[in-house]
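These notes concern the structure reproduced below.
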Amino acid sequence: MFAVKNLMTRSGNLSSLAVAGTRQMHKLPDLPYDYNALEPVISAEIMQIHHSKHHATYVTNLNVVEEKLADAVAKNDVSAVIGLHGALKFNGGGHLNHSIFWQNLCPGGSGEPTGDLAAAINRDFGSIQAMKDKLSSSTVAVQGSGWGWLGYNKTAGKLEIATCANQDPLEATTGLVPLFGIDVWEHAYYLQYKNVRPDYVKAIYQIANWNDVAARLAAATAGK
């Protein structure tokens, strides 16, 4: 039972599941803005499909796999539990990643990073532009589908750039606390930017919500 609980914790603290005997169903979060609010950087059509179709599917599938996992735990079927790990990671990661992504963006952007966030960026990358350049180049270079991230390394006490394949969640995969993510699955940009991923990645900073990123950094560094 401990091993099952540990598996779920490393996969992103998605639920209490059968370990605690109860479980809440995951729900598609509402966007804090309208589908057309991020235009012209991201079209209303892309946002509507991305949120109400793709993210919704991750949520639906996550609930299904957690039901199966709860049943496997109840039956002490370790083989079944292990077999569900891939689906849990993919759909749970998709839900976690997108829930952050929507909050990381805002209509018109929030301006450049300020305060403690700007200080941390300047300390660890030299400048805000240098951070953007490194994040952009790493994100554009993702092979196939995945994400580029600005994350916080709690052990080292510094900001780092990382990429994850598919829907792998950053913290469960690398240990970094996710602060700002760029989705480079084709469904996030192809209808508008076609195969020119660099243009999409460059444009995303125009709608970046650095206030949200700053709040995530403050939460990650609380008590330090």
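We label chains A, B, ... in the order they appear in the structure tokens, count residues from 1 in each chain, and number ligands from 1 in the order shown.
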With a cut-off of 12 Å, could you pull out the residues of stretch 107-161 of chain A touching stretch 183-205 of chain A and give me the nearest pair of atoms for each, distance in Å to one decimal, using only C-alpha atoms, ordered by chain and ascending number, as a Markdown table?
```
| residue | atom | partner | partner_atom | distance |
| --- | --- | --- | --- | --- |
| A:Pro107 | CA | A:Ile204 | CA | 11.0 |
| A:Gly108 | CA | A:Tyr205 | CA | 9.7 |
| A:Gly109 | CA | A:Tyr205 | CA | 7.4 |
| A:Ser110 | CA | A:Tyr205 | CA | 9.6 |
| A:Gly111 | CA | A:Tyr205 | CA | 9.2 |
| A:Glu112 | CA | A:Tyr205 | CA | 9.1 |
| A:Pro113 | CA | A:Tyr205 | CA | 10.9 |
| A:Ile128 | CA | A:Tyr205 | CA | 11.4 |
| A:Gln129 | CA | A:Tyr205 | CA | 10.7 |
| A:Met131 | CA | A:Tyr205 | CA | 11.6 |
| A:Lys132 | CA | A:Tyr205 | CA | 8.3 |
| A:Asp133 | CA | A:Lys202 | CA | 9.0 |
| A:Lys134 | CA | A:Lys202 | CA | 11.6 |
| A:Leu135 | CA | A:Val201 | CA | 9.2 |
| A:Ser136 | CA | A:Val201 | CA | 6.3 |
| A:Ser137 | CA | A:Pro198 | CA | 8.3 |
| A:Ser138 | CA | A:Val201 | CA | 10.4 |
| A:Thr139 | CA | A:Val184 | CA | 7.3 |
| A:Val140 | CA | A:Pro198 | CA | 5.9 |
| A:Ala141 | CA | A:Pro198 | CA | 9.3 |
| A:Val142 | CA | A:Val184 | CA | 7.8 |
| A:Gln143 | CA | A:Val184 | CA | 9.6 |
| A:Gly144 | CA | A:Trp185 | CA | 7.6 |
| A:Ser145 | CA | A:Trp185 | CA | 4.6 |
| A:Gly146 | CA | A:Val184 | CA | 5.6 |
| A:Trp147 | CA | A:Asp183 | CA | 4.8 |
| A:Gly148 | CA | A:Asp183 | CA | 6.8 |
| A:Trp149 | CA | A:Asp183 | CA | 9.0 |
```
Worksheet entry | DSSP-assigned helix (DSSP H, G or I) members of stretch 97-189 of chain A, reported as a VMD selection string | chain A and resid 97 to 104 115 to 125 128 to 140 170 to 174 186 to 188
Output of the above residues as a short mmCIF file (atom, residue, chain, number, x, y, z; two decimals), in the first residue's frame, restricted to C-alpha atoms:
```
data_model
loop_
_atom_site.label_atom_id
_atom_site.label_comp_id
_atom_site.auth_asym_id
_atom_site.auth_seq_id
_atom_site.Cartn_x
_atom_site.Cartn_y
_atom_site.Cartn_z
CA ASN A 97 0.45 21.36 -17.14
CA HIS A 98 -2.56 23.02 -18.73
CA SER A 99 -3.92 24.23 -15.40
CA ILE A 100 -0.65 26.15 -14.98
CA PHE A 101 -0.48 27.24 -18.62
CA TRP A 102 -3.83 29.07 -18.59
CA GLN A 103 -2.81 31.02 -15.48
CA ASN A 104 0.62 31.80 -16.94
CA GLY A 115 10.51 42.50 -7.86
CA ASP A 116 11.87 39.23 -6.51
CA LEU A 117 11.16 37.42 -9.76
CA ALA A 118 13.19 39.90 -11.80
CA ALA A 119 15.99 39.77 -9.24
CA ALA A 120 16.09 35.97 -9.39
CA ILE A 121 16.09 35.97 -13.19
CA ASN A 122 18.92 38.51 -13.33
CA ARG A 123 20.89 36.55 -10.73
CA ASP A 124 20.55 33.19 -12.47
CA PHE A 125 20.54 34.18 -16.16
CA ILE A 128 15.43 38.88 -18.43
CA GLN A 129 16.17 38.75 -22.14
CA ALA A 130 18.86 36.12 -21.60
CA MET A 131 16.33 33.98 -19.72
CA LYS A 132 13.80 34.37 -22.53
CA ASP A 133 16.41 33.49 -25.14
CA LYS A 134 17.46 30.34 -23.29
CA LEU A 135 13.87 29.27 -22.61
CA SER A 136 12.90 29.93 -26.22
CA SER A 137 15.79 28.02 -27.76
CA SER A 138 15.26 25.05 -25.46
CA THR A 139 11.52 25.02 -26.11
CA VAL A 140 11.80 25.33 -29.88
CA LEU A 170 7.85 19.08 -14.56
CA GLU A 171 8.08 18.55 -10.80
CA ALA A 172 7.41 14.82 -10.85
CA THR A 173 9.87 14.40 -13.73
CA THR A 174 12.72 16.74 -12.77
CA GLU A 186 0.98 21.30 -32.29
CA HIS A 187 -2.61 21.69 -31.06
CA ALA A 188 -1.39 24.74 -29.11
#
```
Fill in: Gap from atom CA of A:Gln24 to atom CA of A:Leu96 - Å, one decimal
15.4 Å
Which residues of stretch 101-217 of chain A come within 12 Å of stretch 72-86 of chain A, and for each one, what is the closest pair of atoms and their distance in Å to one decimal, counting only C-alpha atoms, sorted by chain and residue number, as a tab-separated table?
```
residue	atom	partner	partner_atom	distance
A:Asn166	CA	A:Gly86	CA	11.5
A:Gln167	CA	A:Gly86	CA	10.6
A:Asp168	CA	A:Gly86	CA	9.9
```
Would you write out those residues with all heavy atoms, as a CSV table (one decimal), in the first residue's frame?
```csv
chain,number,residue,atom,x,y,z
A,166,ASN,N,6.2,15.1,-24.2
A,166,ASN,CA,4.7,14.8,-24.1
A,166,ASN,C,4.1,15.6,-23.1
A,166,ASN,O,4.1,16.8,-23.1
A,166,ASN,CB,4.6,13.3,-23.9
A,166,ASN,CG,5.2,12.5,-25.1
A,166,ASN,OD1,5.0,12.8,-26.2
A,166,ASN,ND2,6.0,11.5,-24.7
A,167,GLN,N,3.4,15.0,-22.1
A,167,GLN,CA,2.7,15.7,-21.0
A,167,GLN,C,3.4,15.4,-19.7
A,167,GLN,O,2.8,15.6,-18.6
A,167,GLN,CB,1.2,15.3,-20.9
A,167,GLN,CG,0.4,15.8,-22.1
A,167,GLN,CD,0.4,17.3,-22.2
A,167,GLN,OE1,0.8,18.1,-21.3
A,167,GLN,NE2,-0.2,17.8,-23.3
A,168,ASP,N,4.7,15.0,-19.7
A,168,ASP,CA,5.4,14.7,-18.5
A,168,ASP,C,5.3,16.0,-17.6
A,168,ASP,O,5.7,17.1,-18.0
A,168,ASP,CB,6.8,14.4,-18.7
A,168,ASP,CG,7.0,13.0,-19.4
A,168,ASP,OD1,5.9,12.4,-19.7
A,168,ASP,OD2,8.1,12.6,-19.7
```
Discussion item. I'd like the contact shell of A:His55 - 8 Å cut-off, only C-alpha atoms, skipping same-chain residues fewer than 3 positions apart - returned as a PyMOL selection string.
Written reply: chain A and resi 28+50-52+58-59+94-95+98
Item to complete: Give me the residues within 9 Å of A:Leu217 as an NGL selection string, counting only C-alpha atoms and dropping any in the same chain fewer than 6 places off.
Response: :A and (116-117 or 151-152 or 177-179)
Output for the residues just chosen: N, CA, C and O atoms as a PDB file, in the first residue's frame:
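The resulting file, out-v8.pdb, is shown below:
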```pdb
ATOM      1  N   ASP A 116      11.038  40.398  -6.805  1.00  0.00           N
ATOM      2  CA  ASP A 116      11.869  39.231  -6.505  1.00  0.00           C
ATOM      3  C   ASP A 116      12.060  38.333  -7.720  1.00  0.00           C
ATOM      4  O   ASP A 116      13.123  37.719  -7.877  1.00  0.00           O
ATOM      5  N   LEU A 117      11.032  38.246  -8.562  1.00  0.00           N
ATOM      6  CA  LEU A 117      11.159  37.417  -9.764  1.00  0.00           C
ATOM      7  C   LEU A 117      12.230  37.975 -10.686  1.00  0.00           C
ATOM      8  O   LEU A 117      13.099  37.233 -11.168  1.00  0.00           O
ATOM      9  N   GLY A 151      11.637  26.831 -14.230  1.00  0.00           N
ATOM     10  CA  GLY A 151      11.307  26.189 -12.966  1.00  0.00           C
ATOM     11  C   GLY A 151      12.234  26.633 -11.855  1.00  0.00           C
ATOM     12  O   GLY A 151      13.248  27.306 -12.098  1.00  0.00           O
ATOM     13  N   TYR A 152      11.869  26.247 -10.646  1.00  0.00           N
ATOM     14  CA  TYR A 152      12.674  26.605  -9.477  1.00  0.00           C
ATOM     15  C   TYR A 152      13.230  25.347  -8.830  1.00  0.00           C
ATOM     16  O   TYR A 152      12.487  24.419  -8.511  1.00  0.00           O
ATOM     17  N   VAL A 177      10.119  23.021  -9.447  1.00  0.00           N
ATOM     18  CA  VAL A 177       8.776  23.565  -9.272  1.00  0.00           C
ATOM     19  C   VAL A 177       8.413  24.363 -10.526  1.00  0.00           C
ATOM     20  O   VAL A 177       9.152  25.270 -10.921  1.00  0.00           O
ATOM     21  N   PRO A 178       7.303  24.044 -11.188  1.00  0.00           N
ATOM     22  CA  PRO A 178       6.945  24.752 -12.425  1.00  0.00           C
ATOM     23  C   PRO A 178       6.509  26.191 -12.150  1.00  0.00           C
ATOM     24  O   PRO A 178       5.662  26.441 -11.296  1.00  0.00           O
ATOM     25  N   LEU A 179       7.112  27.116 -12.882  1.00  0.00           N
ATOM     26  CA  LEU A 179       6.762  28.532 -12.746  1.00  0.00           C
ATOM     27  C   LEU A 179       6.102  29.070 -14.006  1.00  0.00           C
ATOM     28  O   LEU A 179       5.066  29.730 -13.938  1.00  0.00           O
TER      29      LEU A 179
END
```
Nearby residues (only C-alpha atoms) at most 10 Å from A:Lys154, same-chain spacing under 2 positions excluded, as a PDB file with N, CA, C and O atoms, in the first residue's frame:
```
ATOM      1  N   GLY A 151      11.637  26.831 -14.230  1.00  0.00           N
ATOM      2  CA  GLY A 151      11.307  26.189 -12.966  1.00  0.00           C
ATOM      3  C   GLY A 151      12.234  26.633 -11.855  1.00  0.00           C
ATOM      4  O   GLY A 151      13.248  27.306 -12.098  1.00  0.00           O
ATOM      5  N   TYR A 152      11.869  26.247 -10.646  1.00  0.00           N
ATOM      6  CA  TYR A 152      12.674  26.605  -9.477  1.00  0.00           C
ATOM      7  C   TYR A 152      13.230  25.347  -8.830  1.00  0.00           C
ATOM      8  O   TYR A 152      12.487  24.419  -8.511  1.00  0.00           O
ATOM      9  N   ALA A 156      18.907  23.705  -4.930  1.00  0.00           N
ATOM     10  CA  ALA A 156      19.973  24.654  -5.290  1.00  0.00           C
ATOM     11  C   ALA A 156      19.583  26.096  -5.010  1.00  0.00           C
ATOM     12  O   ALA A 156      20.446  26.983  -4.984  1.00  0.00           O
ATOM     13  N   GLY A 157      18.288  26.351  -4.826  1.00  0.00           N
ATOM     14  CA  GLY A 157      17.819  27.706  -4.574  1.00  0.00           C
ATOM     15  C   GLY A 157      17.963  28.625  -5.761  1.00  0.00           C
ATOM     16  O   GLY A 157      18.291  29.803  -5.606  1.00  0.00           O
ATOM     17  N   LYS A 158      17.712  28.098  -6.968  1.00  0.00           N
ATOM     18  CA  LYS A 158      17.855  28.942  -8.158  1.00  0.00           C
ATOM     19  C   LYS A 158      16.869  28.542  -9.240  1.00  0.00           C
ATOM     20  O   LYS A 158      16.283  27.451  -9.218  1.00  0.00           O
ATOM     21  N   LEU A 159      16.703  29.439 -10.204  1.00  0.00           N
ATOM     22  CA  LEU A 159      15.848  29.191 -11.359  1.00  0.00           C
ATOM     23  C   LEU A 159      16.600  28.373 -12.392  1.00  0.00           C
ATOM     24  O   LEU A 159      17.808  28.540 -12.563  1.00  0.00           O
ATOM     25  N   GLY A 175      11.922  17.375 -10.566  1.00  0.00           N
ATOM     26  CA  GLY A 175      12.052  17.928  -9.224  1.00  0.00           C
ATOM     27  C   GLY A 175      11.939  19.440  -9.180  1.00  0.00           C
ATOM     28  O   GLY A 175      11.872  20.033  -8.100  1.00  0.00           O
ATOM     29  N   LEU A 176      11.908  20.093 -10.351  1.00  0.00           N
ATOM     30  CA  LEU A 176      11.776  21.545 -10.408  1.00  0.00           C
ATOM     31  C   LEU A 176      10.325  21.960 -10.204  1.00  0.00           C
ATOM     32  O   LEU A 176       9.409  21.342 -10.747  1.00  0.00           O
ATOM     33  N   VAL A 177      10.119  23.021  -9.447  1.00  0.00           N
ATOM     34  CA  VAL A 177       8.776  23.565  -9.272  1.00  0.00           C
ATOM     35  C   VAL A 177       8.413  24.363 -10.526  1.00  0.00           C
ATOM     36  O   VAL A 177       9.152  25.270 -10.921  1.00  0.00           O
ATOM     37  N   ALA A 220       7.007  28.882  -3.798  1.00  0.00           N
ATOM     38  CA  ALA A 220       8.078  27.877  -3.805  1.00  0.00           C
ATOM     39  C   ALA A 220       9.201  28.228  -2.832  1.00  0.00           C
ATOM     40  O   ALA A 220       9.893  27.340  -2.325  1.00  0.00           O
ATOM     41  N   THR A 221       9.388  29.503  -2.594  1.00  0.00           N
ATOM     42  CA  THR A 221      10.491  29.952  -1.739  1.00  0.00           C
ATOM     43  C   THR A 221      10.028  30.350  -0.343  1.00  0.00           C
ATOM     44  O   THR A 221      10.837  30.829   0.459  1.00  0.00           O
ATOM     45  N   LYS A 224      12.046  30.348   3.196  1.00  0.00           N
ATOM     46  CA  LYS A 224      13.509  30.307   2.994  1.00  0.00           C
ATOM     47  C   LYS A 224      14.166  31.603   3.468  1.00  0.00           C
ATOM     48  O   LYS A 224      13.555  32.640   3.461  1.00  0.00           O
TER      49      LYS A 224
END
```
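Put simply, atom CA of A:Met25 is 6.2 Å away from atom CA of A:Asn63.
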Worksheet item: Suppose you want the space between atom CA of A:Val41 and atom CA of A:Gln206; what is it in Å?
Response: 7.5 Å
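Residues of stretch 22-216 of chain A that DSSP, applied to the backbone, places in strand (DSSP E): Gly146, Trp147, Gly148, Trp149, Leu150, Gly151, Tyr152, Asn153, Lys158, Leu159, Glu160, Ile161, Ala162, Thr163, Cys164, Ala165, Val177, Pro178, Leu179, Phe180, Gly181, Ile182 and Asp183 of chain A.
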Would you save the residues of that selection, restricted to N, CA and C atoms, as an mmCIF file, in the first residue's frame?
```
data_model
loop_
_atom_site.group_PDB
_atom_site.id
_atom_site.type_symbol
_atom_site.label_atom_id
_atom_site.label_comp_id
_atom_site.auth_asym_id
_atom_site.auth_seq_id
_atom_site.Cartn_x
_atom_site.Cartn_y
_atom_site.Cartn_z
ATOM 1 N N GLY A 146 5.795 18.453 -26.516
ATOM 2 C CA GLY A 146 6.306 18.609 -25.164
ATOM 3 C C GLY A 146 6.147 20.017 -24.659
ATOM 4 N N TRP A 147 6.938 20.346 -23.640
ATOM 5 C CA TRP A 147 6.843 21.634 -22.966
ATOM 6 C C TRP A 147 8.233 22.193 -22.666
ATOM 7 N N GLY A 148 8.325 23.523 -22.680
ATOM 8 C CA GLY A 148 9.497 24.208 -22.175
ATOM 9 C C GLY A 148 9.117 24.900 -20.883
ATOM 10 N N TRP A 149 10.017 24.882 -19.896
ATOM 11 C CA TRP A 149 9.664 25.390 -18.571
ATOM 12 C C TRP A 149 10.749 26.280 -17.974
ATOM 13 N N LEU A 150 10.302 27.308 -17.274
ATOM 14 C CA LEU A 150 11.114 28.003 -16.289
ATOM 15 C C LEU A 150 10.688 27.420 -14.951
ATOM 16 N N GLY A 151 11.637 26.831 -14.230
ATOM 17 C CA GLY A 151 11.307 26.189 -12.966
ATOM 18 C C GLY A 151 12.234 26.633 -11.855
ATOM 19 N N TYR A 152 11.869 26.247 -10.646
ATOM 20 C CA TYR A 152 12.674 26.605 -9.477
ATOM 21 C C TYR A 152 13.230 25.347 -8.830
ATOM 22 N N ASN A 153 14.540 25.321 -8.658
ATOM 23 C CA ASN A 153 15.226 24.213 -8.016
ATOM 24 C C ASN A 153 15.328 24.518 -6.521
ATOM 25 N N LYS A 158 17.712 28.098 -6.968
ATOM 26 C CA LYS A 158 17.855 28.942 -8.158
ATOM 27 C C LYS A 158 16.869 28.542 -9.240
ATOM 28 N N LEU A 159 16.703 29.439 -10.204
ATOM 29 C CA LEU A 159 15.848 29.191 -11.359
ATOM 30 C C LEU A 159 16.600 28.373 -12.392
ATOM 31 N N GLU A 160 15.869 27.500 -13.096
ATOM 32 C CA GLU A 160 16.480 26.695 -14.146
ATOM 33 C C GLU A 160 15.512 26.547 -15.317
ATOM 34 N N ILE A 161 16.068 26.278 -16.487
ATOM 35 C CA ILE A 161 15.285 25.979 -17.688
ATOM 36 C C ILE A 161 15.288 24.474 -17.898
ATOM 37 N N ALA A 162 14.140 23.925 -18.245
ATOM 38 C CA ALA A 162 14.049 22.491 -18.515
ATOM 39 C C ALA A 162 12.978 22.247 -19.563
ATOM 40 N N THR A 163 13.054 21.090 -20.206
ATOM 41 C CA THR A 163 12.004 20.679 -21.134
ATOM 42 C C THR A 163 11.506 19.297 -20.733
ATOM 43 N N CYS A 164 10.262 19.034 -21.075
ATOM 44 C CA CYS A 164 9.665 17.727 -20.800
ATOM 45 C C CYS A 164 8.981 17.223 -22.059
ATOM 46 N N ALA A 165 9.084 15.942 -22.309
ATOM 47 C CA ALA A 165 8.428 15.341 -23.458
ATOM 48 C C ALA A 165 6.951 15.113 -23.166
ATOM 49 N N VAL A 177 10.119 23.021 -9.447
ATOM 50 C CA VAL A 177 8.776 23.565 -9.272
ATOM 51 C C VAL A 177 8.413 24.363 -10.526
ATOM 52 N N PRO A 178 7.303 24.044 -11.188
ATOM 53 C CA PRO A 178 6.945 24.752 -12.425
ATOM 54 C C PRO A 178 6.509 26.191 -12.150
ATOM 55 N N LEU A 179 7.112 27.116 -12.882
ATOM 56 C CA LEU A 179 6.762 28.532 -12.746
ATOM 57 C C LEU A 179 6.102 29.070 -14.006
ATOM 58 N N PHE A 180 6.704 28.793 -15.166
ATOM 59 C CA PHE A 180 6.186 29.299 -16.442
ATOM 60 C C PHE A 180 6.424 28.250 -17.512
ATOM 61 N N GLY A 181 5.341 27.826 -18.158
ATOM 62 C CA GLY A 181 5.457 26.770 -19.158
ATOM 63 C C GLY A 181 4.985 27.215 -20.525
ATOM 64 N N ILE A 182 5.625 26.691 -21.551
ATOM 65 C CA ILE A 182 5.228 26.947 -22.938
ATOM 66 C C ILE A 182 4.871 25.609 -23.577
ATOM 67 N N ASP A 183 3.632 25.482 -23.971
ATOM 68 C CA ASP A 183 3.121 24.253 -24.579
ATOM 69 C C ASP A 183 3.501 24.241 -26.055
#
```
